[in-house]
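What follows is the content of model.cif (mmCIF, C-alpha atoms and all ligand atoms).
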```cif
data_upload
#
loop_
_atom_site.label_atom_id
_atom_site.label_comp_id
_atom_site.auth_asym_id
_atom_site.auth_seq_id
_atom_site.Cartn_x
_atom_site.Cartn_y
_atom_site.Cartn_z
CA MET A 1 -43.04 38.69 108.20
CA PRO A 2 -46.42 40.13 109.22
CA VAL A 3 -46.56 43.88 109.73
CA GLU A 4 -47.11 45.10 113.31
CA THR A 5 -49.91 47.58 112.74
CA ILE A 6 -50.49 48.49 116.35
CA LYS A 7 -48.77 47.62 119.61
CA TRP A 8 -48.43 48.76 123.21
CA GLN A 9 -44.86 49.94 123.70
CA LYS A 10 -43.28 51.99 126.49
CA ASN A 11 -46.64 53.22 127.81
CA LYS A 12 -47.70 54.39 124.38
CA VAL A 13 -49.78 53.03 121.53
CA ARG A 14 -47.43 52.65 118.60
CA ILE A 15 -49.04 52.53 115.15
CA ILE A 16 -47.70 52.46 111.64
CA ASP A 17 -48.80 55.65 109.85
CA GLN A 18 -50.74 54.18 106.93
CA THR A 19 -51.20 57.52 105.19
CA LEU A 20 -47.48 57.46 104.29
CA LEU A 21 -47.40 53.94 102.82
CA PRO A 22 -46.02 52.57 100.60
CA HIS A 23 -43.39 55.34 100.29
CA LYS A 24 -42.44 55.59 103.93
CA VAL A 25 -42.64 53.17 106.83
CA LYS A 26 -43.04 55.43 109.84
CA PHE A 27 -44.31 54.59 113.31
CA VAL A 28 -46.09 57.19 115.40
CA SER A 29 -47.23 57.12 119.01
CA CYS A 30 -50.52 58.01 120.63
CA THR A 31 -50.55 58.94 124.30
CA THR A 32 -53.95 60.63 124.65
CA PRO A 33 -57.50 59.83 123.51
CA ARG A 34 -57.34 62.94 121.31
CA GLU A 35 -54.26 61.59 119.48
CA MET A 36 -55.94 58.19 119.08
CA TRP A 37 -59.15 59.82 117.80
CA LYS A 38 -57.17 61.89 115.30
CA ALA A 39 -55.17 58.87 114.10
CA ILE A 40 -58.45 57.05 113.45
CA ARG A 41 -60.22 59.99 111.80
CA THR A 42 -57.27 60.79 109.54
CA MET A 43 -56.77 57.10 108.69
CA LYS A 44 -53.28 56.73 110.08
CA ILE A 45 -54.89 53.58 111.41
CA ARG A 46 -57.83 52.03 109.58
CA GLY A 47 -59.56 48.74 108.78
CA ALA A 48 -62.31 47.42 111.04
CA PRO A 49 -60.40 45.07 113.41
CA ALA A 50 -57.48 47.51 113.76
CA LEU A 51 -59.97 50.24 114.66
CA GLY A 52 -61.36 48.00 117.40
CA ILE A 53 -57.89 47.55 118.88
CA ALA A 54 -57.13 51.28 118.60
CA ALA A 55 -60.43 52.17 120.27
CA ALA A 56 -59.71 49.79 123.18
CA PHE A 57 -56.30 51.40 123.83
CA GLY A 58 -57.91 54.84 123.37
CA VAL A 59 -60.21 54.06 126.31
CA TYR A 60 -57.25 53.16 128.51
CA LEU A 61 -55.43 56.37 127.50
CA GLY A 62 -58.52 58.31 128.57
CA VAL A 63 -58.56 56.93 132.12
CA LYS A 64 -54.93 56.19 132.88
CA ASN A 65 -54.48 59.43 134.86
CA SER A 66 -57.99 59.57 136.19
CA GLN A 67 -58.73 59.31 139.95
CA ARG A 68 -61.98 60.31 141.64
CA ALA A 69 -63.94 60.93 138.44
CA PHE A 70 -62.86 57.58 137.00
CA PHE A 71 -66.22 56.36 135.67
CA LYS A 72 -67.13 59.84 134.42
CA ASP A 73 -63.84 59.97 132.50
CA LEU A 74 -64.40 56.44 131.21
CA ASP A 75 -67.86 57.23 129.84
CA LYS A 76 -66.63 60.51 128.36
CA THR A 77 -63.72 58.80 126.59
CA ILE A 78 -65.92 56.03 125.21
CA LYS A 79 -68.42 58.56 123.88
CA TYR A 80 -65.60 60.58 122.33
CA ILE A 81 -63.82 57.69 120.59
CA ALA A 82 -67.22 56.57 119.25
CA THR A 83 -67.38 59.80 117.22
CA SER A 84 -64.15 59.04 115.33
CA ARG A 85 -65.63 56.89 112.52
CA PRO A 86 -69.16 55.44 112.33
CA THR A 87 -69.20 52.31 110.16
CA ALA A 88 -66.76 49.68 111.47
CA ARG A 89 -68.65 47.55 113.99
CA ASN A 90 -65.39 46.43 115.68
CA LEU A 91 -64.76 49.93 116.99
CA PHE A 92 -68.07 49.95 118.90
CA TRP A 93 -67.70 46.30 119.87
CA ALA A 94 -64.35 47.10 121.52
CA LEU A 95 -65.72 50.19 123.28
CA GLU A 96 -68.59 48.11 124.68
CA ARG A 97 -66.17 45.41 125.80
CA MET A 98 -63.97 47.96 127.61
CA ARG A 99 -66.99 49.56 129.29
CA GLU A 100 -68.35 46.18 130.44
CA THR A 101 -64.94 45.19 131.78
CA ALA A 102 -64.63 48.38 133.82
CA TYR A 103 -68.14 48.18 135.28
CA ARG A 104 -67.73 44.50 136.10
CA GLU A 105 -64.70 45.45 138.23
CA ARG A 106 -66.28 48.59 139.72
CA TYR A 107 -65.74 47.53 143.38
CA GLU A 108 -62.00 47.19 142.84
CA PRO A 109 -59.61 50.10 143.57
CA VAL A 110 -59.27 52.50 140.63
CA SER A 111 -55.61 51.56 140.13
CA ARG A 112 -56.66 47.92 139.73
CA ILE A 113 -59.43 48.77 137.22
CA LYS A 114 -56.91 50.74 135.16
CA HIS A 115 -54.57 47.77 135.12
CA ILE A 116 -57.42 45.46 134.09
CA LEU A 117 -58.43 47.82 131.27
CA LEU A 118 -54.92 47.93 129.87
CA GLU A 119 -54.75 44.14 130.02
CA GLU A 120 -58.13 43.93 128.25
CA ALA A 121 -56.92 46.16 125.39
CA LYS A 122 -53.79 43.98 125.05
CA LYS A 123 -56.03 40.90 125.06
CA ILE A 124 -58.17 42.31 122.24
CA LEU A 125 -54.97 42.81 120.24
CA GLU A 126 -53.63 39.30 120.93
CA GLU A 127 -57.01 37.70 120.23
CA ASP A 128 -57.11 39.37 116.83
CA LYS A 129 -53.82 37.68 115.89
CA HIS A 130 -55.28 34.25 116.71
CA ILE A 131 -58.67 34.94 115.15
CA CYS A 132 -57.14 36.05 111.84
CA ARG A 133 -55.03 32.90 111.63
CA LYS A 134 -58.06 30.73 112.43
CA MET A 135 -60.08 32.47 109.71
CA ALA A 136 -57.20 32.02 107.31
CA ARG A 137 -57.13 28.27 107.94
CA PHE A 138 -60.88 27.95 107.33
CA GLY A 139 -60.67 30.17 104.26
CA ASN A 140 -57.69 28.30 102.85
CA ALA A 141 -59.89 25.21 102.47
CA LEU A 142 -61.88 27.14 99.85
CA ILE A 143 -58.82 27.93 97.72
CA LYS A 144 -57.62 25.62 94.97
CA LYS A 145 -54.08 25.30 93.64
CA GLY A 146 -53.42 27.97 91.02
CA ASP A 147 -56.52 30.08 91.83
CA THR A 148 -56.59 33.70 90.80
CA ILE A 149 -58.22 35.80 93.50
CA LEU A 150 -59.53 39.35 93.31
CA THR A 151 -59.67 41.57 96.40
CA HIS A 152 -60.92 45.08 97.06
CA CYS A 153 -59.57 47.66 99.51
CA ASN A 154 -57.19 46.44 102.22
CA ALA A 155 -58.18 43.65 104.56
CA GLY A 156 -54.61 42.71 105.41
CA GLY A 157 -52.22 42.93 108.33
CA LEU A 158 -52.61 46.69 108.17
CA ALA A 159 -56.36 46.44 108.79
CA THR A 160 -55.87 44.13 111.80
CA ALA A 161 -53.21 43.52 114.46
CA ASP A 162 -50.80 41.91 112.02
CA TYR A 163 -52.19 39.28 109.65
CA GLY A 164 -55.45 40.23 107.99
CA THR A 165 -58.86 38.80 107.22
CA ALA A 166 -59.26 38.49 103.43
CA LEU A 167 -55.51 38.82 102.91
CA GLY A 168 -54.94 36.38 105.77
CA VAL A 169 -56.67 33.72 103.68
CA ILE A 170 -54.46 34.70 100.73
CA PHE A 171 -51.28 34.61 102.87
CA MET A 172 -52.22 31.15 104.18
CA ALA A 173 -52.98 29.82 100.68
CA HIS A 174 -49.67 31.21 99.44
CA SER A 175 -47.61 29.79 102.29
CA SER A 176 -49.26 26.40 101.87
CA GLY A 177 -47.80 26.32 98.35
CA LYS A 178 -50.97 26.82 96.30
CA LYS A 179 -49.28 29.15 93.78
CA ILE A 180 -52.15 31.62 93.74
CA LYS A 181 -52.31 34.89 91.85
CA VAL A 182 -53.97 38.03 93.14
CA TYR A 183 -55.61 41.00 91.43
CA ALA A 184 -55.87 44.00 93.74
CA ASP A 185 -58.40 46.75 92.99
CA GLU A 186 -56.73 50.11 93.51
CA THR A 187 -59.77 51.28 95.55
CA ARG A 188 -60.46 54.94 94.93
CA PRO A 189 -60.66 57.44 96.48
CA LEU A 190 -57.95 56.73 99.07
CA LEU A 191 -56.27 53.90 97.17
CA GLN A 192 -56.01 51.39 100.00
CA GLY A 193 -55.67 48.66 97.36
CA ALA A 194 -52.83 50.31 95.47
CA ARG A 195 -50.99 51.73 98.48
CA LEU A 196 -51.55 49.08 101.13
CA THR A 197 -52.74 45.77 99.65
CA ALA A 198 -50.22 45.79 96.81
CA TRP A 199 -47.49 46.65 99.33
CA GLU A 200 -48.42 43.83 101.70
CA LEU A 201 -48.74 41.25 98.91
CA ARG A 202 -45.44 42.22 97.32
CA ASN A 203 -43.72 42.05 100.72
CA GLU A 204 -44.77 38.38 100.82
CA ASP A 205 -43.66 37.84 97.23
CA ILE A 206 -47.17 36.95 96.07
CA ASP A 207 -47.91 37.21 92.34
CA THR A 208 -49.87 40.48 92.40
CA THR A 209 -51.45 42.56 89.65
CA LEU A 210 -52.86 45.98 90.41
CA ILE A 211 -55.94 47.10 88.46
CA SER A 212 -58.08 50.20 88.60
CA ASP A 213 -61.54 49.59 90.03
CA ASN A 214 -63.34 49.85 86.70
CA MET A 215 -61.40 46.88 85.28
CA ALA A 216 -62.72 44.18 87.61
CA ALA A 217 -65.90 43.23 85.68
CA SER A 218 -64.00 42.99 82.43
CA LEU A 219 -61.46 40.60 83.99
CA MET A 220 -64.31 38.45 85.24
CA ALA A 221 -65.87 38.41 81.76
CA ARG A 222 -62.54 37.20 80.35
CA GLY A 223 -62.49 34.30 82.80
CA LYS A 224 -59.45 35.63 84.65
CA ILE A 225 -60.88 35.51 88.18
CA ASP A 226 -61.66 32.30 90.09
CA LYS A 227 -62.67 33.79 93.42
CA ILE A 228 -63.20 37.07 95.19
CA ILE A 229 -62.36 37.61 98.86
CA VAL A 230 -63.00 40.88 100.67
CA GLY A 231 -63.14 42.01 104.29
CA ALA A 232 -66.04 43.72 106.04
CA ASP A 233 -66.68 46.74 108.20
CA ARG A 234 -70.06 45.72 109.53
CA ILE A 235 -72.29 42.74 108.85
CA ALA A 236 -75.99 42.82 109.72
CA ARG A 237 -77.57 39.73 111.27
CA ASN A 238 -79.04 38.72 107.89
CA GLY A 239 -75.56 38.75 106.29
CA ASP A 240 -75.80 42.10 104.44
CA THR A 241 -72.24 43.40 104.48
CA ALA A 242 -70.78 46.91 104.50
CA ASN A 243 -67.29 47.14 103.08
CA LYS A 244 -65.26 49.75 101.21
CA ILE A 245 -67.17 51.59 98.49
CA GLY A 246 -67.01 49.59 95.26
CA THR A 247 -67.40 46.20 96.94
CA TYR A 248 -71.07 46.04 95.91
CA SER A 249 -70.19 46.49 92.21
CA VAL A 250 -67.61 43.71 92.51
CA ALA A 251 -70.20 41.42 94.13
CA LEU A 252 -72.77 42.18 91.41
CA SER A 253 -70.26 41.42 88.67
CA ALA A 254 -69.23 38.22 90.44
CA HIS A 255 -72.86 37.13 90.72
CA TYR A 256 -73.44 37.75 87.00
CA HIS A 257 -70.33 35.79 86.07
CA LYS A 258 -71.03 33.02 88.61
CA ILE A 259 -67.78 33.59 90.49
CA PRO A 260 -67.73 32.82 94.24
CA PHE A 261 -67.72 35.99 96.34
CA TYR A 262 -66.43 35.49 99.91
CA VAL A 263 -66.37 37.85 102.87
CA ALA A 264 -63.78 37.18 105.59
CA ALA A 265 -64.51 38.79 108.96
CA PRO A 266 -64.35 38.02 112.67
CA LEU A 267 -67.60 37.68 114.64
CA SER A 268 -66.83 41.07 116.22
CA THR A 269 -67.70 42.63 112.84
CA ILE A 270 -71.23 41.20 112.98
CA ASP A 271 -73.81 43.54 114.43
CA VAL A 272 -76.56 41.21 115.63
CA LYS A 273 -78.60 44.17 116.82
CA ILE A 274 -79.41 45.25 113.28
CA LYS A 275 -81.65 43.15 111.10
CA ASP A 276 -80.33 44.20 107.69
CA GLY A 277 -77.87 46.41 105.85
CA SER A 278 -80.21 49.40 105.64
CA PHE A 279 -79.41 50.08 109.32
CA ILE A 280 -75.63 50.26 108.81
CA PRO A 281 -74.37 53.85 109.24
CA ILE A 282 -72.35 54.78 106.17
CA GLU A 283 -69.56 57.29 106.68
CA GLU A 284 -69.34 60.20 104.26
CA ARG A 285 -65.90 61.67 103.96
CA HIS A 286 -64.37 64.95 102.79
CA PRO A 287 -65.07 65.90 99.13
CA ASP A 288 -61.37 66.59 98.51
CA GLU A 289 -60.66 62.85 98.78
CA VAL A 290 -62.44 62.54 95.41
CA ARG A 291 -61.31 65.87 93.95
CA LYS A 292 -57.70 64.95 94.64
CA ILE A 293 -55.32 62.07 94.19
CA GLY A 294 -52.80 62.39 96.99
CA LYS A 295 -52.07 66.11 97.26
CA GLU A 296 -52.98 66.95 93.62
CA PHE A 297 -56.37 68.26 92.56
CA ILE A 298 -57.62 66.31 89.55
CA ALA A 299 -60.99 68.07 89.34
CA PRO A 300 -62.26 71.64 89.57
CA LYS A 301 -62.02 72.69 93.22
CA ASN A 302 -65.66 73.82 93.16
CA VAL A 303 -67.22 70.66 91.69
CA LYS A 304 -69.81 68.94 93.87
CA VAL A 305 -68.74 65.56 95.24
CA PHE A 306 -70.48 62.59 96.83
CA ASN A 307 -68.06 60.55 98.91
CA PRO A 308 -69.56 57.63 100.85
CA ALA A 309 -66.71 55.49 102.22
CA PHE A 310 -68.66 52.21 102.22
CA ASP A 311 -71.45 50.40 100.44
CA VAL A 312 -73.62 47.46 101.41
CA THR A 313 -73.56 44.17 99.55
CA PRO A 314 -76.84 42.29 99.99
CA ALA A 315 -76.42 38.86 101.61
CA LYS A 316 -77.81 37.09 98.54
CA PHE A 317 -74.67 38.00 96.57
CA ILE A 318 -72.30 36.57 99.20
CA THR A 319 -71.34 32.93 98.65
CA ALA A 320 -70.07 32.45 102.21
CA ILE A 321 -68.72 34.37 105.20
CA ILE A 322 -65.38 33.14 106.55
CA THR A 323 -65.17 33.58 110.34
CA GLU A 324 -63.04 32.24 113.19
CA LYS A 325 -65.92 29.84 113.96
CA GLY A 326 -65.93 28.37 110.47
CA ILE A 327 -67.50 29.07 107.09
CA LEU A 328 -71.02 30.48 107.36
CA ARG A 329 -73.51 29.76 104.56
CA LYS A 330 -77.01 30.97 103.73
CA PRO A 331 -79.38 31.55 105.34
CA TYR A 332 -77.04 33.78 107.30
CA GLY A 333 -79.63 34.59 109.95
CA LYS A 334 -79.35 31.01 111.15
CA SER A 335 -75.63 30.39 110.56
CA ILE A 336 -74.68 33.66 112.31
CA LYS A 337 -76.80 32.73 115.33
CA ARG A 338 -75.21 29.27 115.44
CA ALA A 339 -71.68 30.71 115.17
CA HIS A 340 -72.33 33.07 118.08
CA ALA A 341 -73.62 30.19 120.18
CA ARG A 342 -70.56 27.98 119.54
O1 LIG B 401 -61.89 53.17 105.16
P1 LIG B 401 -61.08 51.99 105.58
O2 LIG B 401 -59.75 51.91 104.92
O3 LIG B 401 -61.01 51.86 107.09
O4 LIG B 401 -61.92 50.75 105.05
C1 LIG B 401 -61.47 49.45 105.30
C2 LIG B 401 -62.25 48.41 104.61
O5 LIG B 401 -63.23 48.66 103.96
C3 LIG B 401 -61.77 47.01 104.83
O6 LIG B 401 -62.04 46.23 103.71
C4 LIG B 401 -62.51 46.43 106.03
O7 LIG B 401 -62.33 47.23 107.16
C5 LIG B 401 -62.09 45.07 106.34
S1 LIG B 401 -60.54 45.07 107.15
C6 LIG B 401 -60.07 43.59 107.70
#
```
Translate this structure into structure tokens?
Amino acid sequence: MPVETIKWQKNKVRIIDQTLLPHKVKFVSCTTPREMWKAIRTMKIRGAPALGIAAAFGVYLGVKNSQRAFFKDLDKTIKYIATSRPTARNLFWALERMRETAYRERYEPVSRIKHILLEEAKKILEEDKHICRKMARFGNALIKKGDTILTHCNAGGLATADYGTALGVIFMAHSSGKKIKVYADETRPLLQGARLTAWELRNEDIDTTLISDNMAASLMARGKIDKIIVGADRIARNGDTANKIGTYSVALSAHYHKIPFYVAAPLSTIDVKIKDGSFIPIEERHPDEVRKIGKEFIAPKNVKVFNPAFDVTPAKFITAIITEKGILRKPYGKSIKRAHAR
């Protein structure tokens, strides 16, 4: 059963609090843009497509009680939600889509525009469910019976509405009887691999082995990995891909060992406005995420820390990008353009 990461329920946005997983499955509600912003910033909800959905509902929450200053409130909310986290393209894509929807309907009564905005946020959520399953079907064609797949971070149901991008491909391969095995990188500092990916894979009864991040290259050298599939937070129009910190090292090791390295992401993750990965804003997070594991300090409290949340994998190390419009190959400049035109 896929996990319901985010849904609209009883006039509230209900999300699963991912900071408590895998120990506790707890749902929390957001009723204001501030609560939505906080949930995003503190990673109660995370993962690029899920952030897009959250941002869309956040916009509605910001205008639902608004009257005469409707468009002022709309612009203010959009600006505010945009400050929550900087890297995931889907968040900004969803904010732009909500703004365009509202302005397109600007001659309608305010009550009608509000209704349309809520419907648009629900549509973004429903579309994600279809898109992930489409990607999974395309990606499944790349998987052979008995493959062992490595993944990094969490690109599962928890990072989307309910199914996942990279993990969606894995779920589809598993349910089509391919008897795959998965290695999940734990993904320091916040352990999305250990806490979230391992949890999702075990819930589906998939043969899963957790490793610490520094073990991946050695497994590749021993011939234990057939394929790598990861998600993405933002893809530049030349195919350079930002994903959770550590992805670049995995891609480099895969390239050296001649192992296919796939990125699975919806077109809404592709930022066609930027020509390469050097333009992707990389979030830097609180030093304590590195000084601590969970609540425990594992380093001197006064040690300096560098904590970028993402890195950029150059397009040349990516074998293919799995999207809802099919499998994109190099040169990505051209295949991305074609996919957008389809
Ligand atoms: O910091 P996070 O947990 O939001 O980072 C998430 C990732 O890096 C995922 O791999 C990415 O968003 C793809 S999710 C389908």
Which protein, DNA or RNA residues have an atom within 7 Å of ligand LIG 401 (chain B), counting all atoms listed in the file, as a JSON list (two decimals) with C-alpha atoms, keeping the file's coordinate frame?
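Heads up, here's the output in part20.json:
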```json
[["chain", "number", "residue", "atom", "x", "y", "z"],
["A", 43, "MET", "CA", -56.77, 57.10, 108.69],
["A", 46, "ARG", "CA", -57.83, 52.03, 109.58],
["A", 47, "GLY", "CA", -59.56, 48.74, 108.78],
["A", 48, "ALA", "CA", -62.31, 47.42, 111.04],
["A", 49, "PRO", "CA", -60.40, 45.07, 113.41],
["A", 88, "ALA", "CA", -66.76, 49.68, 111.47],
["A", 152, "HIS", "CA", -60.92, 45.08, 97.06],
["A", 153, "CYS", "CA", -59.57, 47.66, 99.51],
["A", 154, "ASN", "CA", -57.19, 46.44, 102.22],
["A", 155, "ALA", "CA", -58.18, 43.65, 104.56],
["A", 156, "GLY", "CA", -54.61, 42.71, 105.41],
["A", 159, "ALA", "CA", -56.36, 46.44, 108.79],
["A", 160, "THR", "CA", -55.87, 44.13, 111.80],
["A", 164, "GLY", "CA", -55.45, 40.23, 107.99],
["A", 165, "THR", "CA", -58.86, 38.80, 107.22],
["A", 166, "ALA", "CA", -59.26, 38.49, 103.43],
["A", 192, "GLN", "CA", -56.01, 51.39, 100.00],
["A", 230, "VAL", "CA", -63.00, 40.88, 100.67],
["A", 231, "GLY", "CA", -63.14, 42.01, 104.29],
["A", 232, "ALA", "CA", -66.04, 43.72, 106.04],
["A", 233, "ASP", "CA", -66.68, 46.74, 108.20],
["A", 243, "ASN", "CA", -67.29, 47.14, 103.08],
["A", 244, "LYS", "CA", -65.26, 49.75, 101.21],
["A", 265, "ALA", "CA", -64.51, 38.79, 108.96],
["A", 309, "ALA", "CA", -66.71, 55.49, 102.22],
["A", 310, "PHE", "CA", -68.66, 52.21, 102.22]]
```
| query | Of the residues A:Ala198, A:Ile131, A:Ile235, A:Cys30, which is the one nearest to Phe279 (chain A), using only C-alpha atoms? | reply |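 For Phe279 (chain A), the nearest of the candidates is A:Ile235.
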Counting all atoms listed in the file, what are the residues of region 230-320 of chain A within 12 Å of region 108-127 of chain A, and for each of them which pair of atoms is the nearest and at what distance in Å, to one decimal? Sort the table by chain and rising number, as CSV.
```
residue,atom,partner,partner_atom,distance
A:Pro266,CA,A:Glu127,CA,10.5
A:Leu267,CA,A:Glu127,CA,12.0
A:Ser268,CA,A:Ile124,CA,10.6
```
| For the point (-49.1, 57.2, 106.7) in file coordinates, what residues are within 12 Å, counting only C-alpha atoms? Give the answer as a list in words? |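 Residues lying no farther than 12 Å from the given point: Thr5, Ile15, Ile16, Asp17, Gln18, Thr19, Leu20, Leu21, Pro22, His23, Lys24, Val25, Lys26, Phe27, Val28, Ala39, Ile40, Thr42, Met43, Lys44, Ile45, Arg46, Leu158, Leu190, Gln192, Arg195, Leu196 and Gly294 of chain A.
The gap separating CA of Ile322 (chain A) from CA of Asn90 (chain A) is 16.1 Å, in Å to one decimal.
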